[in-house]
>>> print(open('final.cif').read())   # mmCIF, C-alpha atoms
data_start
loop_
_atom_site.label_atom_id
_atom_site.label_comp_id
_atom_site.auth_asym_id
_atom_site.auth_seq_id
_atom_site.Cartn_x
_atom_site.Cartn_y
_atom_site.Cartn_z
CA MET A 930 45.02 8.96 -31.97
CA HIS A 931 42.33 10.27 -34.27
CA ARG A 932 39.55 12.37 -32.81
CA PRO A 933 36.01 11.00 -33.04
CA ILE A 934 34.11 12.16 -36.12
CA ARG A 935 31.69 14.96 -35.22
CA VAL A 936 31.19 16.60 -38.62
CA ILE A 937 30.45 15.10 -42.05
CA THR A 938 30.51 17.14 -45.25
CA VAL A 939 28.75 15.87 -48.36
CA GLU A 940 29.71 17.20 -51.76
CA ARG A 941 27.66 15.84 -54.65
CA GLU A 942 27.29 15.70 -58.39
CA TYR A 943 24.02 17.17 -59.59
CA GLY A 944 21.50 14.37 -60.02
CA SER A 945 23.42 11.90 -57.86
CA ARG A 946 20.87 12.14 -55.02
CA GLY A 947 23.66 13.29 -52.74
CA GLY A 948 21.40 15.81 -51.06
CA GLU A 949 18.79 13.15 -50.32
CA PHE A 950 21.49 10.88 -48.93
CA ALA A 951 22.80 13.68 -46.67
CA HIS A 952 19.31 14.27 -45.28
CA ASP A 953 18.84 10.56 -44.53
CA LEU A 954 22.33 10.27 -43.05
CA ALA A 955 21.70 13.15 -40.65
CA ARG A 956 18.39 11.60 -39.63
CA GLN A 957 20.00 8.22 -39.03
CA LEU A 958 22.77 9.72 -36.90
CA GLY A 959 20.42 12.06 -35.06
CA TRP A 960 22.60 14.98 -36.18
CA GLN A 961 21.75 18.45 -37.38
CA LEU A 962 21.46 18.87 -41.14
CA LEU A 963 22.75 22.09 -42.71
CA ASP A 964 21.81 22.43 -46.38
CA SER A 965 19.53 25.32 -47.31
CA GLU A 966 19.84 26.21 -43.62
CA LEU A 967 23.31 27.58 -44.41
CA VAL A 968 21.75 30.07 -46.81
CA ALA A 969 19.18 31.14 -44.21
CA ARG A 970 21.91 31.66 -41.63
CA ALA A 971 24.00 33.69 -44.07
CA ALA A 972 21.00 35.88 -44.86
CA GLN A 973 20.29 36.45 -41.19
CA LYS A 974 23.90 37.36 -40.51
CA ALA A 975 23.95 39.79 -43.43
CA GLY A 976 20.62 41.28 -42.40
CA ILE A 977 18.94 40.64 -45.75
CA ASP A 978 15.89 38.77 -46.96
CA ALA A 979 16.46 35.02 -47.38
CA LYS A 980 15.05 35.18 -50.93
CA ILE A 981 17.77 37.64 -51.93
CA ALA A 982 20.45 35.43 -50.40
CA ALA A 983 19.10 32.40 -52.27
CA ARG A 984 19.88 34.10 -55.59
CA TYR A 985 23.58 33.84 -54.77
CA ASP A 986 23.60 30.29 -53.44
CA GLU A 987 26.18 28.17 -55.31
CA ARG A 988 26.67 30.92 -57.87
CA LEU A 989 29.58 32.94 -59.21
CA ASP A 990 29.25 36.66 -59.74
CA PRO A 991 29.45 37.35 -63.51
CA TRP A 992 32.71 38.75 -64.86
CA TYR A 993 31.19 42.13 -65.66
CA TYR A 994 29.97 42.43 -62.07
CA ARG A 995 33.42 41.62 -60.70
CA TYR A 996 34.92 44.26 -63.00
CA GLY A 997 32.29 46.78 -61.97
CA LYS A 998 32.92 45.99 -58.31
CA ILE A 999 36.44 47.29 -58.70
CA LEU A 1000 35.07 50.59 -59.99
CA TRP A 1001 32.47 50.76 -57.21
CA GLN A 1002 35.30 50.78 -54.68
CA ASP A 1003 36.42 54.09 -56.21
CA PRO A 1004 34.33 56.87 -54.65
CA VAL A 1005 34.35 58.70 -57.98
CA TYR A 1006 32.38 55.90 -59.68
CA ALA A 1007 30.57 54.38 -56.71
CA PRO A 1008 26.78 54.21 -57.24
CA ALA A 1009 24.23 54.76 -54.53
CA PRO A 1010 24.25 51.83 -52.06
CA SER A 1011 21.55 49.19 -52.36
CA GLU A 1012 20.75 45.92 -50.59
CA ASP A 1013 21.40 43.81 -53.69
CA ARG A 1014 24.74 45.45 -54.52
CA SER A 1015 26.16 45.16 -50.99
CA PHE A 1016 25.50 41.41 -50.98
CA ASP A 1017 26.90 39.18 -53.72
CA ALA A 1018 28.16 35.64 -54.34
CA ALA A 1019 31.56 36.40 -52.83
CA ARG A 1020 29.97 37.68 -49.63
CA MET A 1021 27.66 34.66 -49.59
CA MET A 1022 30.61 32.27 -49.69
CA GLU A 1023 32.38 34.16 -46.91
CA LEU A 1024 29.33 33.98 -44.67
CA ILE A 1025 28.64 30.32 -45.44
CA ARG A 1026 32.25 29.45 -44.64
CA GLU A 1027 31.88 31.22 -41.30
CA GLU A 1028 28.68 29.29 -40.59
CA MET A 1029 30.36 26.00 -41.50
CA LEU A 1030 33.20 26.74 -39.09
CA ASN A 1031 30.71 27.63 -36.35
CA ALA A 1032 28.75 24.42 -36.99
CA ALA A 1033 31.94 22.34 -36.97
CA ASN A 1034 32.87 23.86 -33.63
CA GLU A 1035 29.50 22.76 -32.22
CA GLY A 1036 29.76 19.32 -33.88
CA ASN A 1037 27.24 16.58 -34.64
CA CYS A 1038 26.22 17.98 -38.01
CA VAL A 1039 26.06 17.06 -41.70
CA LEU A 1040 26.98 19.91 -44.08
CA VAL A 1041 25.82 19.74 -47.69
CA GLY A 1042 27.85 21.14 -50.60
CA ARG A 1043 29.16 24.69 -50.85
CA GLY A 1044 32.81 23.72 -50.45
CA GLY A 1045 32.53 22.18 -47.00
CA ALA A 1046 35.52 19.90 -47.53
CA CYS A 1047 37.64 22.93 -48.45
CA ALA A 1048 36.28 25.21 -45.72
CA LEU A 1049 37.03 22.60 -43.02
CA MET A 1050 40.16 21.12 -44.56
CA GLY A 1051 42.52 19.75 -41.92
CA LEU A 1052 40.08 20.39 -39.07
CA PRO A 1053 40.10 17.46 -36.63
CA GLY A 1054 36.92 15.43 -36.32
CA CYS A 1055 35.69 16.15 -39.86
CA PHE A 1056 34.95 13.50 -42.48
CA HIS A 1057 34.51 14.51 -46.11
CA LEU A 1058 32.39 12.64 -48.68
CA PHE A 1059 31.87 13.00 -52.41
CA VAL A 1060 28.75 11.43 -53.94
CA TYR A 1061 28.64 10.63 -57.65
CA ALA A 1062 26.58 8.46 -59.98
CA THR A 1063 26.64 7.06 -63.48
CA GLN A 1064 25.50 9.37 -66.26
CA LYS A 1065 22.51 7.13 -66.90
CA ALA A 1066 21.40 7.26 -63.27
CA LYS A 1067 21.71 11.05 -63.21
CA ARG A 1068 19.89 11.37 -66.54
CA ASP A 1069 17.05 9.14 -65.33
CA TRP A 1070 16.70 11.23 -62.16
CA TYR A 1071 16.64 14.45 -64.14
CA MET A 1072 14.03 13.17 -66.59
CA ARG A 1073 11.78 12.09 -63.72
CA SER A 1074 12.23 15.40 -61.92
CA PHE A 1075 11.97 17.69 -64.95
CA PRO A 1076 10.09 15.80 -67.69
CA GLU A 1077 9.42 19.00 -69.63
CA GLN A 1078 13.19 19.49 -70.02
CA ALA A 1079 14.10 15.86 -70.65
CA GLN A 1080 15.80 16.61 -73.97
CA GLN A 1081 18.28 18.93 -72.23
CA ALA A 1082 19.09 16.52 -69.40
CA ASP A 1083 22.76 15.92 -70.21
CA ALA A 1084 23.46 19.58 -70.92
CA HIS A 1085 21.82 20.76 -67.70
CA LEU A 1086 23.52 18.11 -65.59
CA ALA A 1087 26.91 19.11 -66.96
CA ALA A 1088 26.21 22.83 -66.52
CA PHE A 1089 25.37 22.46 -62.83
CA ASP A 1090 28.56 20.53 -62.12
CA ARG A 1091 30.71 22.98 -64.11
CA ARG A 1092 29.29 25.82 -62.04
CA ARG A 1093 29.98 24.04 -58.77
CA ALA A 1094 33.52 23.28 -59.89
CA ALA A 1095 34.07 26.90 -60.90
CA ILE A 1096 32.93 28.15 -57.50
CA ILE A 1097 35.36 25.90 -55.61
CA ARG A 1098 38.17 26.84 -57.98
CA LYS A 1099 37.44 30.54 -57.54
CA PHE A 1100 37.05 30.70 -53.76
CA TYR A 1101 39.26 27.84 -52.56
CA ASP A 1102 41.72 27.30 -55.43
CA GLN A 1103 40.85 23.60 -55.37
CA GLU A 1104 39.41 21.14 -57.88
CA TRP A 1105 35.89 20.31 -56.73
CA CYS A 1106 35.96 16.62 -57.73
CA SER A 1107 39.58 15.95 -56.72
CA ARG A 1108 39.72 12.72 -54.74
CA THR A 1109 42.44 14.18 -52.51
CA LEU A 1110 39.83 16.42 -50.84
CA TYR A 1111 37.68 13.54 -49.63
CA HIS A 1112 37.94 10.60 -47.28
CA LEU A 1113 35.34 8.55 -49.12
CA LEU A 1114 33.83 8.57 -52.61
CA LEU A 1115 30.39 6.96 -52.91
CA ASN A 1116 28.54 5.84 -56.00
CA SER A 1117 24.88 6.44 -55.15
CA CYS A 1118 23.88 3.57 -57.44
CA ILE A 1119 24.50 1.21 -54.50
CA GLY A 1120 21.49 2.73 -52.74
CA ILE A 1121 21.15 5.14 -49.85
CA GLU A 1122 20.94 2.47 -47.14
CA SER A 1123 24.22 0.94 -48.32
CA MET A 1124 25.81 4.39 -48.51
CA ILE A 1125 24.84 5.14 -44.92
CA ALA A 1126 26.19 1.77 -43.78
CA ALA A 1127 29.48 2.47 -45.57
CA VAL A 1128 29.82 5.86 -43.90
CA GLN A 1129 29.06 4.46 -40.46
CA ALA A 1130 31.69 1.76 -40.94
CA ALA A 1131 34.29 4.23 -42.24
CA THR A 1132 33.74 6.80 -39.50
CA GLY A 1133 33.32 4.39 -36.61
CA LEU A 1134 29.94 5.93 -35.80
CA GLY A 1135 28.30 2.52 -35.83
CA ALA A 1136 24.61 1.96 -36.33
CA ALA A 1137 23.60 5.07 -34.42
CA PRO A 1138 19.84 5.20 -34.11
CA ALA A 1139 17.81 8.15 -35.27
CA LYS A 1140 16.43 10.43 -32.58
CA ALA A 1141 13.39 8.86 -31.01
CA GLU A 1142 10.14 10.68 -31.54
CA ALA A 1143 8.62 12.22 -28.46
CA ALA A 1144 6.09 9.95 -26.82
CA SER A 1145 2.55 11.06 -27.28
#
>>> encode(input="final.cif", output="structure tokens")
Amino acid sequence: MHRPIRVITVEREYGSRGGEFAHDLARQLGWQLLDSELVARAAQKAGIDAKIAARYDERLDPWYYRYGKILWQDPVYAPAPSEDRSFDAARMMELIREEMLNAANEGNCVLVGRGGACALMGLPGCFHLFVYATQKAKRDWYMRSFPEQAQQADAHLAAFDRRRAAIIRKFYDQEWCSRTLYHLLLNSCIGIESMIAAVQAATGLGAAPAKAEAAS
């Protein structure tokens, strides 16, 4: 017998409106949403400013940094310690993975991006989604959101997704868009309401109402 679904992860192509969908899904279910909140939790755990942590969100450390990090571990070459140097993209991913596991243990949450399907792979009660869209839909979204960069829409969209794929490959040795990682792939062109209905049907969560607002 399968355990009831208590955690949903949402991976998304850049420009697919997957983040917006995750927010609306969490609201509809009355569940906790963890998106940028994961970054804030990682920063708190590391004891650093949230703005510093945000620099490393969904990023890879550059190759020259990774090479230098090897030298820094040698006391002969190690530079003076600093807040920025002691916290990097690798540490960020470690902390976010820990926060995802903690959230999954508590349950009733929607986790956005950052390798959630890989971090929670095989964990009972978790349901993993991948949101994509047509190139035209993503391009239209980008041009509306960043009209001053409209000419670079396709290049920027591709660059974001390449970076996300590289992060998952580096830290989890998985292919970010591999269908084997996910229980359901959703084309956001069907609309967010239809996406939410599809997820509720697939997970058996039903038409769970959003949390009622406190009576005035």
>>> residues_near_point(input="final.cif", point="(33.0, 22.0, -29.2)", cutoff="10 Å", atoms="all atoms listed in the file", output="PyMOL selection string")
chain A and resi 935+1031-1037
>>> resolve_selection(input="final.cif", expression="the PyMOL selection byres ((chain A and resi 1111) around 7)", output="PyMOL selection string")
chain A and resi 1057-1059+1108-1110+1112-1114
>>> resolve_selection(input="final.cif", expression="the PyMOL selection byres ((chain A and resi 979-984) around 8)", output="VMD selection string")
chain A and resid 968 to 969 971 to 973 977 to 978 985 to 986 988 1013 1016 1021
>>> write_last_selection(input="final.cif", atoms="C-alpha atoms", output="mmCIF file, keeping the file's coordinate frame")
data_model
loop_
_atom_site.group_PDB
_atom_site.id
_atom_site.type_symbol
_atom_site.label_atom_id
_atom_site.label_comp_id
_atom_site.auth_asym_id
_atom_site.auth_seq_id
_atom_site.Cartn_x
_atom_site.Cartn_y
_atom_site.Cartn_z
ATOM 1 C CA VAL A 968 21.750 30.070 -46.810
ATOM 2 C CA ALA A 969 19.180 31.140 -44.210
ATOM 3 C CA ALA A 971 24.000 33.690 -44.070
ATOM 4 C CA ALA A 972 21.000 35.880 -44.860
ATOM 5 C CA GLN A 973 20.290 36.450 -41.190
ATOM 6 C CA ILE A 977 18.940 40.640 -45.750
ATOM 7 C CA ASP A 978 15.890 38.770 -46.960
ATOM 8 C CA TYR A 985 23.580 33.840 -54.770
ATOM 9 C CA ASP A 986 23.600 30.290 -53.440
ATOM 10 C CA ARG A 988 26.670 30.920 -57.870
ATOM 11 C CA ASP A 1013 21.400 43.810 -53.690
ATOM 12 C CA PHE A 1016 25.500 41.410 -50.980
ATOM 13 C CA MET A 1021 27.660 34.660 -49.590
#
>>> resolve_selection(input="final.cif", expression="the PyMOL selection byres ((chain A and resi 1105) around 12)", output="count of residues only")
34
>>> atom_distance(input="final.cif", atom1="atom CA of Thr1063 of chain A", atom2="atom CA of Ala1126 of chain A")
20.4 Å
>>> atom_distance(input="final.cif", atom1="atom CA of Leu1115 of chain A", atom2="atom CA of Ser945 of chain A")
9.9 Å
>>> residues_around(input="final.cif", residues="Arg1068 of chain A", least_positions_apart="4", cutoff="8 Å", atoms="all atoms listed in the file", output="PyMOL selection string")
chain A and resi 944+1064+1072+1082-1083+1086
>>> atom_distance(input="final.cif", atom1="atom CA of Ala1062 of chain A", atom2="atom CA of Ser1123 of chain A")
14.1 Å
>>> closest_residue(input="final.cif", among="A:Asp1017, A:Leu967, A:Ala1088, A:Ile1125", to="His952 of chain A", atoms="all atoms listed in the file")
A:Ile1125
>>> closest_residue(input="final.cif", among="A:Ala1048, A:Val1041, A:Ala1018, A:Leu1134", to="Arg946 of chain A", atoms="all atoms listed in the file")
A:Val1041
>>> closest_residue(input="final.cif", among="A:Trp960, A:Phe1056, A:Tyr943, A:Phe950", to="Gly1133 of chain A", atoms="only C-alpha atoms")
A:Phe1056
>>> closest_residue(input="final.cif", among="A:Trp1070, A:Arg932, A:Leu1040, A:Ile1119", to="Ala951 of chain A", atoms="all atoms listed in the file")
A:Leu1040
>>> closest_residue(input="final.cif", among="A:Ile1121, A:Thr1132, A:Leu1030, A:Glu949", to="Gly1051 of chain A", atoms="only C-alpha atoms")
A:Leu1030
